[in-house]
$ cat protein14.cif   # mmCIF, C-alpha atoms
data_work
#
loop_
_atom_site.label_atom_id
_atom_site.label_comp_id
_atom_site.auth_asym_id
_atom_site.auth_seq_id
_atom_site.Cartn_x
_atom_site.Cartn_y
_atom_site.Cartn_z
CA MET A 1 2.44 -34.58 26.85
CA SER A 2 1.54 -30.97 27.51
CA ALA A 3 -0.79 -29.27 25.08
CA LEU A 4 0.19 -26.00 23.41
CA PRO A 5 -1.39 -22.86 24.87
CA ARG A 6 -4.43 -21.89 22.84
CA ILE A 7 -3.17 -18.39 22.15
CA LEU A 8 -0.18 -17.53 19.98
CA ASP A 9 1.45 -14.10 20.44
CA ILE A 10 3.58 -13.37 17.35
CA GLY A 11 6.26 -10.77 18.05
CA CYS A 12 5.56 -10.93 21.77
CA GLY A 13 8.63 -8.92 22.78
CA ARG A 14 8.96 -8.25 26.50
CA LYS A 15 5.21 -8.16 27.18
CA LYS A 16 3.85 -11.52 26.24
CA TYR A 17 0.06 -11.76 26.29
CA PRO A 18 -0.92 -13.58 29.51
CA GLY A 19 -1.39 -17.30 28.99
CA SER A 20 -0.10 -17.26 25.46
CA LEU A 21 2.73 -18.96 23.65
CA GLY A 22 5.20 -16.21 22.78
CA LEU A 23 7.01 -16.19 19.47
CA ASP A 24 9.69 -13.70 18.49
CA MET A 25 12.74 -13.27 16.29
CA SER A 26 14.76 -12.19 19.29
CA ALA A 27 15.59 -14.22 22.38
CA ALA A 28 15.87 -11.03 24.49
CA GLY A 29 12.17 -10.92 25.37
CA GLN A 30 9.73 -13.45 26.78
CA ALA A 31 9.49 -15.61 23.68
CA ASP A 32 8.97 -19.33 24.12
CA VAL A 33 9.68 -19.98 20.44
CA ILE A 34 12.37 -18.13 18.52
CA CYS A 35 11.63 -17.99 14.82
CA ASP A 36 11.48 -15.71 11.79
CA TRP A 37 7.74 -15.26 11.23
CA GLU A 38 8.38 -14.03 7.68
CA LYS A 39 9.28 -17.57 6.63
CA ILE A 40 7.20 -20.24 8.28
CA LEU A 41 5.53 -20.74 11.63
CA PRO A 42 6.76 -23.96 13.31
CA PHE A 43 3.30 -25.32 14.18
CA ARG A 44 0.80 -27.74 12.71
CA ASP A 45 -2.26 -26.56 10.82
CA SER A 46 -5.19 -25.39 12.96
CA SER A 47 -3.29 -25.25 16.27
CA PHE A 48 -4.53 -22.02 17.93
CA GLU A 49 -7.82 -20.44 18.94
CA GLN A 50 -6.37 -16.95 18.97
CA VAL A 51 -3.37 -15.39 17.24
CA ARG A 52 -2.16 -11.93 18.20
CA LEU A 53 0.02 -9.64 16.08
CA VAL A 54 0.59 -6.46 18.06
CA HIS A 55 2.66 -3.83 16.22
CA ILE A 56 4.07 -6.42 13.86
CA ILE A 57 2.40 -6.21 10.47
CA GLU A 58 3.71 -2.69 9.76
CA GLU A 59 7.23 -4.19 9.83
CA VAL A 60 6.94 -7.43 7.86
CA ASP A 61 8.14 -7.79 4.29
CA ASN A 62 4.86 -9.17 2.98
CA ILE A 63 1.68 -8.76 5.02
CA PHE A 64 -0.32 -11.28 3.01
CA ARG A 65 2.30 -14.00 3.26
CA VAL A 66 2.46 -13.63 7.04
CA LEU A 67 -1.34 -13.62 7.30
CA ALA A 68 -1.46 -16.77 5.15
CA GLU A 69 0.77 -18.53 7.72
CA VAL A 70 -1.36 -17.17 10.56
CA HIS A 71 -4.42 -18.50 8.76
CA ARG A 72 -2.82 -21.92 8.45
CA VAL A 73 -1.91 -22.34 12.13
CA ALA A 74 -5.23 -20.90 13.38
CA LYS A 75 -8.29 -23.07 13.89
CA PRO A 76 -11.41 -22.43 11.82
CA GLY A 77 -13.34 -19.64 13.53
CA ALA A 78 -10.25 -18.54 15.51
CA HIS A 79 -9.75 -14.88 16.40
CA VAL A 80 -6.83 -13.01 14.88
CA THR A 81 -6.07 -9.77 16.70
CA ILE A 82 -4.02 -7.24 14.77
CA ILE A 83 -2.93 -3.90 16.20
CA THR A 84 -0.96 -1.40 14.10
CA PRO A 85 -0.51 2.41 13.93
CA HIS A 86 -2.93 4.37 11.76
CA TYR A 87 -1.05 6.10 8.94
CA THR A 88 -1.93 9.53 10.33
CA ASP A 89 -0.30 8.83 13.69
CA HIS A 90 3.22 10.01 14.32
CA ALA A 91 4.07 6.50 15.54
CA SER A 92 3.64 5.23 11.98
CA TYR A 93 6.73 7.27 11.05
CA CYS A 94 8.76 7.04 14.26
CA SER A 95 10.37 3.71 13.53
CA PRO A 96 12.62 3.23 10.51
CA ALA A 97 11.59 -0.43 10.61
CA HIS A 98 8.03 0.47 9.58
CA ARG A 99 7.55 -0.58 5.99
CA TRP A 100 3.80 -0.06 5.73
CA HIS A 101 1.47 2.80 6.60
CA LEU A 102 -2.04 1.45 7.01
CA SER A 103 -5.59 2.68 7.40
CA SER A 104 -8.70 1.21 8.98
CA PHE A 105 -9.69 -0.18 5.56
CA SER A 106 -6.34 -1.84 4.82
CA LEU A 107 -7.72 -5.33 5.41
CA TRP A 108 -11.01 -4.57 3.64
CA PHE A 109 -10.67 -7.07 0.87
CA PHE A 110 -10.53 -10.09 3.12
CA SER A 111 -14.20 -9.51 3.85
CA ASP A 112 -15.29 -8.81 0.32
CA LYS A 113 -12.59 -10.30 -1.86
CA PRO A 114 -12.90 -10.40 -5.67
CA ALA A 115 -11.88 -13.81 -7.10
CA GLU A 116 -8.69 -12.56 -8.78
CA TYR A 117 -7.38 -11.33 -5.40
CA ASP A 118 -6.91 -14.93 -4.20
CA TYR A 119 -3.61 -14.71 -6.03
CA TYR A 120 -2.34 -11.92 -3.78
CA ALA A 121 -4.12 -12.81 -0.55
CA PRO A 122 -4.91 -16.53 -0.50
CA ALA A 123 -6.16 -16.68 3.13
CA ASN A 124 -9.77 -15.99 4.02
CA PHE A 125 -10.74 -13.89 6.99
CA ARG A 126 -13.84 -12.02 7.99
CA GLU A 127 -13.64 -8.67 9.79
CA ARG A 128 -15.46 -9.14 13.09
CA ARG A 129 -14.57 -5.75 14.45
CA VAL A 130 -12.40 -2.79 13.51
CA HIS A 131 -11.62 -0.22 16.16
CA VAL A 132 -9.74 3.03 15.66
CA GLN A 133 -8.20 4.58 18.71
CA MET A 134 -7.67 8.34 18.50
CA LEU A 135 -5.78 10.99 20.41
CA ARG A 136 -7.29 11.94 23.76
CA LEU A 137 -8.60 15.30 22.56
CA TRP A 138 -10.59 13.75 19.71
CA ARG A 139 -11.85 10.99 21.96
CA PHE A 140 -13.02 13.64 24.42
CA LEU A 141 -14.86 15.45 21.62
CA GLY A 142 -16.69 12.27 20.64
CA ILE A 143 -14.99 11.78 17.27
CA GLU A 144 -13.60 8.39 18.24
CA PHE A 145 -17.12 7.27 19.12
CA MET A 146 -18.47 8.46 15.75
CA VAL A 147 -15.66 6.79 13.79
CA ASN A 148 -16.19 3.47 15.52
CA HIS A 149 -19.97 3.39 15.57
CA PHE A 150 -20.85 4.48 12.04
CA ARG A 151 -19.11 2.88 9.07
CA TRP A 152 -20.11 5.72 6.73
CA TYR A 153 -18.58 8.20 9.15
CA ARG A 154 -15.36 6.18 9.33
CA LYS A 155 -15.18 6.31 5.56
CA PHE A 156 -15.84 10.05 5.50
CA TRP A 157 -13.23 10.49 8.23
CA GLU A 158 -10.65 8.46 6.25
CA TYR A 159 -11.29 10.47 3.08
CA TYR A 160 -11.62 14.00 4.42
CA LEU A 161 -10.79 14.39 8.09
CA SER A 162 -8.08 11.99 9.21
CA PHE A 163 -5.17 14.41 8.79
CA ILE A 164 -6.97 16.82 11.12
CA PHE A 165 -8.55 14.45 13.65
CA ARG A 166 -5.63 12.08 13.50
CA GLY A 167 -5.85 8.38 14.25
CA LYS A 168 -3.60 6.54 16.65
CA THR A 169 -3.93 2.78 16.41
CA VAL A 170 -6.19 0.46 14.46
CA GLU A 171 -7.25 -2.82 16.01
CA TRP A 172 -8.83 -5.66 14.04
CA ASP A 173 -10.56 -8.76 15.27
CA LEU A 174 -10.57 -11.12 12.29
CA GLU A 175 -12.31 -14.47 12.09
CA VAL A 176 -10.44 -17.28 10.37
CA ILE A 177 -12.55 -18.82 7.60
CA LYS A 178 -11.53 -22.29 6.46
CA MET B 1 -0.06 0.55 -35.54
CA PRO B 2 1.63 1.82 -32.38
CA ARG B 3 3.02 -0.82 -30.08
CA ILE B 4 1.62 -0.43 -26.58
CA LEU B 5 2.65 -2.22 -23.39
CA ASP B 6 0.22 -2.30 -20.46
CA VAL B 7 2.28 -3.11 -17.35
CA GLY B 8 0.16 -4.65 -14.58
CA CYS B 9 -2.81 -4.82 -16.90
CA GLY B 10 -5.04 -6.78 -14.49
CA PRO B 11 -8.40 -8.03 -15.79
CA THR B 12 -8.98 -4.95 -18.00
CA LYS B 13 -6.16 -4.66 -20.48
CA TYR B 14 -5.78 -1.40 -22.42
CA PRO B 15 -7.30 -1.93 -25.91
CA GLY B 16 -4.71 -2.88 -28.55
CA SER B 17 -1.91 -3.35 -26.04
CA ILE B 18 0.31 -6.21 -24.95
CA GLY B 19 -0.68 -6.96 -21.38
CA LEU B 20 1.91 -7.82 -18.75
CA ASP B 21 1.06 -8.99 -15.25
CA MET B 22 2.42 -11.28 -12.55
CA ASN B 23 -1.01 -12.82 -11.97
CA ALA B 24 -2.09 -15.45 -14.52
CA SER B 25 -5.80 -14.96 -13.79
CA THR B 26 -5.71 -11.55 -15.53
CA ALA B 27 -5.87 -10.57 -19.21
CA ALA B 28 -2.06 -10.67 -19.41
CA ASP B 29 -0.27 -11.85 -22.55
CA VAL B 30 3.12 -11.93 -20.82
CA LEU B 31 3.62 -13.12 -17.23
CA CYS B 32 6.41 -11.34 -15.42
CA HIS B 33 7.18 -10.12 -11.91
CA LEU B 34 8.55 -6.59 -11.97
CA ASP B 35 10.66 -7.10 -8.85
CA ARG B 36 12.42 -10.21 -10.16
CA GLY B 37 14.57 -9.12 -13.08
CA GLY B 38 13.80 -6.82 -15.97
CA LEU B 39 11.08 -6.67 -18.59
CA PRO B 40 11.34 -9.47 -21.19
CA PHE B 41 11.57 -7.11 -24.20
CA ARG B 42 14.33 -5.60 -26.35
CA ASP B 43 15.34 -1.94 -26.06
CA ASN B 44 13.03 0.55 -27.82
CA SER B 45 10.20 -1.95 -28.33
CA PHE B 46 7.19 0.24 -27.58
CA ASP B 47 5.70 3.56 -28.66
CA HIS B 48 3.64 3.81 -25.50
CA LEU B 49 3.89 2.18 -22.08
CA ARG B 50 1.18 2.33 -19.43
CA ALA B 51 1.43 1.49 -15.73
CA GLU B 52 -1.78 2.19 -13.86
CA HIS B 53 -1.63 1.71 -10.09
CA ILE B 54 1.65 -0.20 -10.35
CA ILE B 55 4.51 2.08 -9.38
CA GLU B 56 3.32 2.35 -5.74
CA HIS B 57 3.71 -1.46 -5.42
CA VAL B 58 7.19 -2.10 -6.82
CA ALA B 59 10.22 -2.77 -4.65
CA ASP B 60 12.44 -0.27 -6.47
CA ILE B 61 10.89 2.65 -8.38
CA ILE B 62 14.19 3.80 -9.93
CA ALA B 63 15.03 0.33 -11.29
CA THR B 64 11.47 -0.07 -12.59
CA MET B 65 11.53 3.33 -14.34
CA GLU B 66 14.88 2.37 -15.88
CA GLU B 67 13.22 -0.69 -17.40
CA PHE B 68 10.21 1.32 -18.60
CA HIS B 69 12.61 3.83 -20.16
CA ARG B 70 14.71 1.11 -21.79
CA VAL B 71 11.84 -0.66 -23.58
CA THR B 72 10.17 2.58 -24.74
CA LYS B 73 11.34 4.20 -27.98
CA PRO B 74 12.97 7.64 -27.94
CA GLY B 75 10.08 10.09 -28.25
CA GLY B 76 7.65 7.42 -27.00
CA THR B 77 5.41 8.10 -24.05
CA ILE B 78 4.95 6.56 -20.61
CA PHE B 79 1.65 6.96 -18.76
CA ILE B 80 1.61 6.47 -15.01
CA ALA B 81 -1.39 6.65 -12.69
CA THR B 82 -0.88 6.40 -8.92
CA PRO B 83 -2.57 7.75 -5.77
CA HIS B 84 -1.47 11.04 -4.27
CA TYR B 85 -0.05 10.40 -0.80
CA THR B 86 -2.81 12.39 0.85
CA ASP B 87 -5.53 10.15 -0.57
CA TYR B 88 -6.87 7.44 1.66
CA SER B 89 -6.44 4.89 -1.14
CA SER B 90 -2.68 5.31 -0.77
CA PHE B 91 -3.02 3.70 2.66
CA ARG B 92 -5.86 1.29 2.01
CA ASP B 93 -3.88 -1.37 0.18
CA PRO B 94 -1.36 -3.19 2.39
CA THR B 95 0.87 -3.80 -0.63
CA HIS B 96 1.47 -0.09 -1.33
CA ARG B 97 5.14 0.51 -0.57
CA TRP B 98 5.39 4.12 -1.71
CA HIS B 99 3.39 7.25 -0.99
CA LEU B 100 4.04 9.80 -3.73
CA ASN B 101 3.23 13.39 -4.64
CA THR B 102 3.03 15.37 -7.88
CA TYR B 103 6.78 16.12 -7.70
CA SER B 104 7.96 12.54 -7.15
CA PHE B 105 9.04 12.10 -10.78
CA LEU B 106 11.10 15.32 -10.95
CA TYR B 107 13.87 12.86 -10.20
CA PHE B 108 13.90 11.83 -13.87
CA TYR B 109 13.56 15.25 -15.54
CA PRO B 110 16.58 17.07 -17.00
CA GLY B 111 17.46 19.61 -14.33
CA GLY B 112 14.50 18.41 -12.35
CA MET B 113 15.89 18.07 -8.85
CA HIS B 114 16.97 21.46 -7.51
CA GLY B 115 18.01 22.56 -11.02
CA ARG B 116 20.41 19.65 -11.45
CA ASP B 117 20.20 16.29 -13.15
CA MET B 118 20.09 13.36 -10.78
CA TRP B 119 23.26 11.33 -11.12
CA TYR B 120 21.81 8.16 -9.61
CA THR B 121 19.93 7.25 -12.75
CA LYS B 122 20.41 7.65 -16.49
CA VAL B 123 16.65 7.88 -17.10
CA ARG B 124 15.63 11.16 -18.69
CA MET B 125 12.07 12.08 -19.57
CA LEU B 126 10.00 15.20 -20.14
CA GLU B 127 6.71 15.85 -18.41
CA LYS B 128 3.91 16.12 -20.96
CA ARG B 129 1.05 16.05 -18.47
CA ASN B 130 0.78 16.01 -14.70
CA TYR B 131 -2.83 16.05 -13.54
CA VAL B 132 -4.00 15.53 -9.98
CA SER B 133 -7.65 15.00 -9.18
CA LEU B 134 -9.11 15.97 -5.83
CA LEU B 135 -12.04 14.73 -3.78
CA ARG B 136 -15.47 15.74 -5.08
CA LEU B 137 -16.02 18.45 -2.49
CA TRP B 138 -12.78 20.22 -3.38
CA ARG B 139 -13.46 19.85 -7.09
CA ALA B 140 -16.83 21.53 -6.58
CA PHE B 141 -15.04 24.46 -4.91
CA GLY B 142 -12.70 24.83 -7.90
CA PHE B 143 -9.53 23.66 -6.16
CA GLU B 144 -8.89 20.91 -8.70
CA PHE B 145 -8.94 23.51 -11.50
CA LEU B 146 -6.54 25.78 -9.62
CA VAL B 147 -4.11 22.99 -8.69
CA ASN B 148 -3.90 21.89 -12.33
CA HIS B 149 -3.88 25.27 -14.05
CA SER B 150 -1.47 27.27 -11.95
CA LYS B 151 2.06 26.03 -11.22
CA MET B 152 2.26 28.49 -8.34
CA PHE B 153 -0.94 27.23 -6.76
CA ARG B 154 0.19 23.63 -7.25
CA GLN B 155 3.31 24.35 -5.24
CA PHE B 156 1.37 26.21 -2.56
CA TRP B 157 -1.07 23.32 -2.35
CA GLU B 158 1.64 20.66 -2.03
CA HIS B 159 3.45 22.70 0.62
CA TYR B 160 0.58 24.08 2.67
CA LEU B 161 -2.84 22.68 1.84
CA SER B 162 -2.66 19.07 0.76
CA PHE B 163 -3.42 17.50 4.17
CA LEU B 164 -6.57 19.60 4.34
CA ILE B 165 -7.64 19.70 0.70
CA ARG B 166 -6.61 16.17 -0.04
CA GLY B 167 -5.46 14.80 -3.39
CA LYS B 168 -6.75 11.69 -5.08
CA LEU B 169 -5.37 10.30 -8.31
CA MET B 170 -2.26 11.53 -10.12
CA GLN B 171 -1.86 10.97 -13.85
CA PHE B 172 1.48 11.58 -15.53
CA THR B 173 2.48 11.37 -19.17
CA PHE B 174 6.21 11.45 -19.87
CA GLU B 175 8.11 11.66 -23.14
CA VAL B 176 11.17 9.43 -23.24
CA ILE B 177 14.47 11.11 -24.13
CA LYS B 178 17.50 9.03 -25.00
#
$ encode --input "protein14.cif" --output "structure tokens"
Amino acid sequence: MSALPRILDIGCGRKKYPGSLGLDMSAAGQADVICDWEKILPFRDSSFEQVRLVHIIEEVDNIFRVLAEVHRVAKPGAHVTIITPHYTDHASYCSPAHRWHLSSFSLWFFSDKPAEYDYYAPANFRERRVHVQMLRLWRFLGIEFMVNHFRWYRKFWEYYLSFIFRGKTVEWDLEVIK
Amino acid sequence: MPRILDVGCGPTKYPGSIGLDMNASTAADVLCHLDRGGLPFRDNSFDHLRAEHIIEHVADIIATMEEFHRVTKPGGTIFIATPHYTDYSSFRDPTHRWHLNTYSFLYFYPGGMHGRDMWYTKVRMLEKRNYVSLLRLWRAFGFEFLVNHSKMFRQFWEHYLSFLIRGKLMQFTFEVIK
């Protein structure tokens, strides 16, 4: 009996993460498992040490429901990597399949969740790392460094500056808490 | 005593109102999901309806406004609070489906859209108040005053300035016409 790979790549498309088990809705890519991730993931509880969702959550019908399934199939302490366009990037608006326009604080309440929010977002995660990638010019001017190294500056940037020094992608490394 | 409905009341229901929410761990008196069928009230039941930070979450704004309009008496008022689409809070919550501006409800005004009534909905309401607050810095410079006291400046701001001098919260009061 062969064990499952320890990494699950949800929405792997044509560029499956090396060494991972690829899952996609379409059979056209490199998926090993074809399934609609909006419904249910066809794995047992606590199966994976890492789950990747690269440019997926901006398209799903219900982000919290998908993350609840991810939480279920991930082991306690597993890493969940999420990459999505920042809402100030043109890519956020390029695809008509994008339902959600997100910021670097969009998953904030997993880390500091009031009790009544369990209703909306039942899974528990902790933000290990949030990284905002910016356009080359802003990176060159050191703004990307500031945004990623000082939380207060990231907040100030989100409130006042992000339509000028526009973001590109946001990457989260979440820890699964069970 | 006026009959008041607080839609999406959450843990802090408006004093003297009937609270409606989909989450049972709130102060709600009536449990109901706005996206799954209409409001469980007769026509013309309320003098005042409030929906604070709700309209940006619903699946269908037009259908929801039709329900709000139906249960409110002629001459009754509807209060709506929602983030302006240039505020970071519009993009912080991954359940925000809609990103709106101060003209988003022109859709329901007589002659509101390009001088013509919209024929996609029968909802008709008058705008009693349309206030947009700005970030503290811009308020200190007097922009909030200008945006709310001059129709011309409001239009100039929405067209030219709002990604720079960003909006925050919008508060609308409508009078229901039937």
$ resolve_selection --input "protein14.cif" --expression "the PyMOL selection byres ((chain B) within 10 of (chain A))" --output "PyMOL selection string"
chain B and resi 10-11+22-26+86-99+135+137+162-168
$ closest_residue --input "protein14.cif" --among "A:Phe48, A:Gly167, A:Ala121, A:Thr84" --to "Leu137 of chain A" --atoms "only C-alpha atoms"
A:Gly167
$ residues_around --input "protein14.cif" --residues "Leu126 of chain B" --least-positions-apart "6" --cutoff "8 Å" --atoms "only C-alpha atoms" --output "MDAnalysis selection string"
chainID B and resid 109:110 174:177
$ residues_around --input "protein14.cif" --residues "Arg154 of chain B" --least-positions-apart "3" --cutoff "12 Å" --atoms "all atoms listed in the file" --output "ChimeraX atom specification"
/B:101-103,130-133,143-151,157-162,165,167
$ closest_residue --input "protein14.cif" --among "A:Val51, A:Val130, A:Ala68, A:Cys35" --to "Arg6 of chain A" --atoms "all atoms listed in the file"
A:Val51
$ residues_around --input "protein14.cif" --residues "Cys12 of chain A" --least-positions-apart "2" --cutoff "8 Å" --atoms "only C-alpha atoms" --output "list in words"
Asp9, Ile10, Arg14, Lys15, Lys16, Tyr17, Gly22, Leu23, Asp24, Gly29, Gln30, Ala31 and Val54 of chain A
$ atom_distance --input "protein14.cif" --atom1 "atom CA of Pro5 of chain A" --atom2 "atom CA of Val66 of chain A"
20.4 Å
$ atom_distance --input "protein14.cif" --atom1 "atom CA of Pro122 of chain A" --atom2 "atom CA of Ser20 of chain A"
26.4 Å
$ residues_around --input "protein14.cif" --residues "Val71 of chain B" --least-positions-apart "6" --cutoff "7 Å" --atoms "all atoms listed in the file" --output "list of chain:residue names"
B:Phe41, B:Arg42, B:Asp43, B:Asn44, B:Ser45, B:Phe46
$ decode --input "protein14.cif" --residues "segment 91-102 of chain A" --atoms "C-alpha atoms" --output "mmCIF file, in the first residue's frame"
data_model
loop_
_atom_site.group_PDB
_atom_site.id
_atom_site.type_symbol
_atom_site.label_atom_id
_atom_site.label_comp_id
_atom_site.auth_asym_id
_atom_site.auth_seq_id
_atom_site.Cartn_x
_atom_site.Cartn_y
_atom_site.Cartn_z
ATOM 1 C CA ALA A 91 -4.859 40.691 -11.785
ATOM 2 C CA SER A 92 -7.630 40.798 -9.185
ATOM 3 C CA TYR A 93 -9.916 42.179 -11.911
ATOM 4 C CA CYS A 94 -8.539 40.408 -14.988
ATOM 5 C CA SER A 95 -10.480 37.208 -14.567
ATOM 6 C CA PRO A 96 -14.279 37.181 -14.621
ATOM 7 C CA ALA A 97 -14.064 34.077 -12.432
ATOM 8 C CA HIS A 98 -12.709 36.132 -9.524
ATOM 9 C CA ARG A 99 -15.458 36.472 -6.954
ATOM 10 C CA TRP A 100 -13.429 37.976 -4.126
ATOM 11 C CA HIS A 101 -11.016 40.886 -3.878
ATOM 12 C CA LEU A 102 -8.819 40.410 -0.837
#
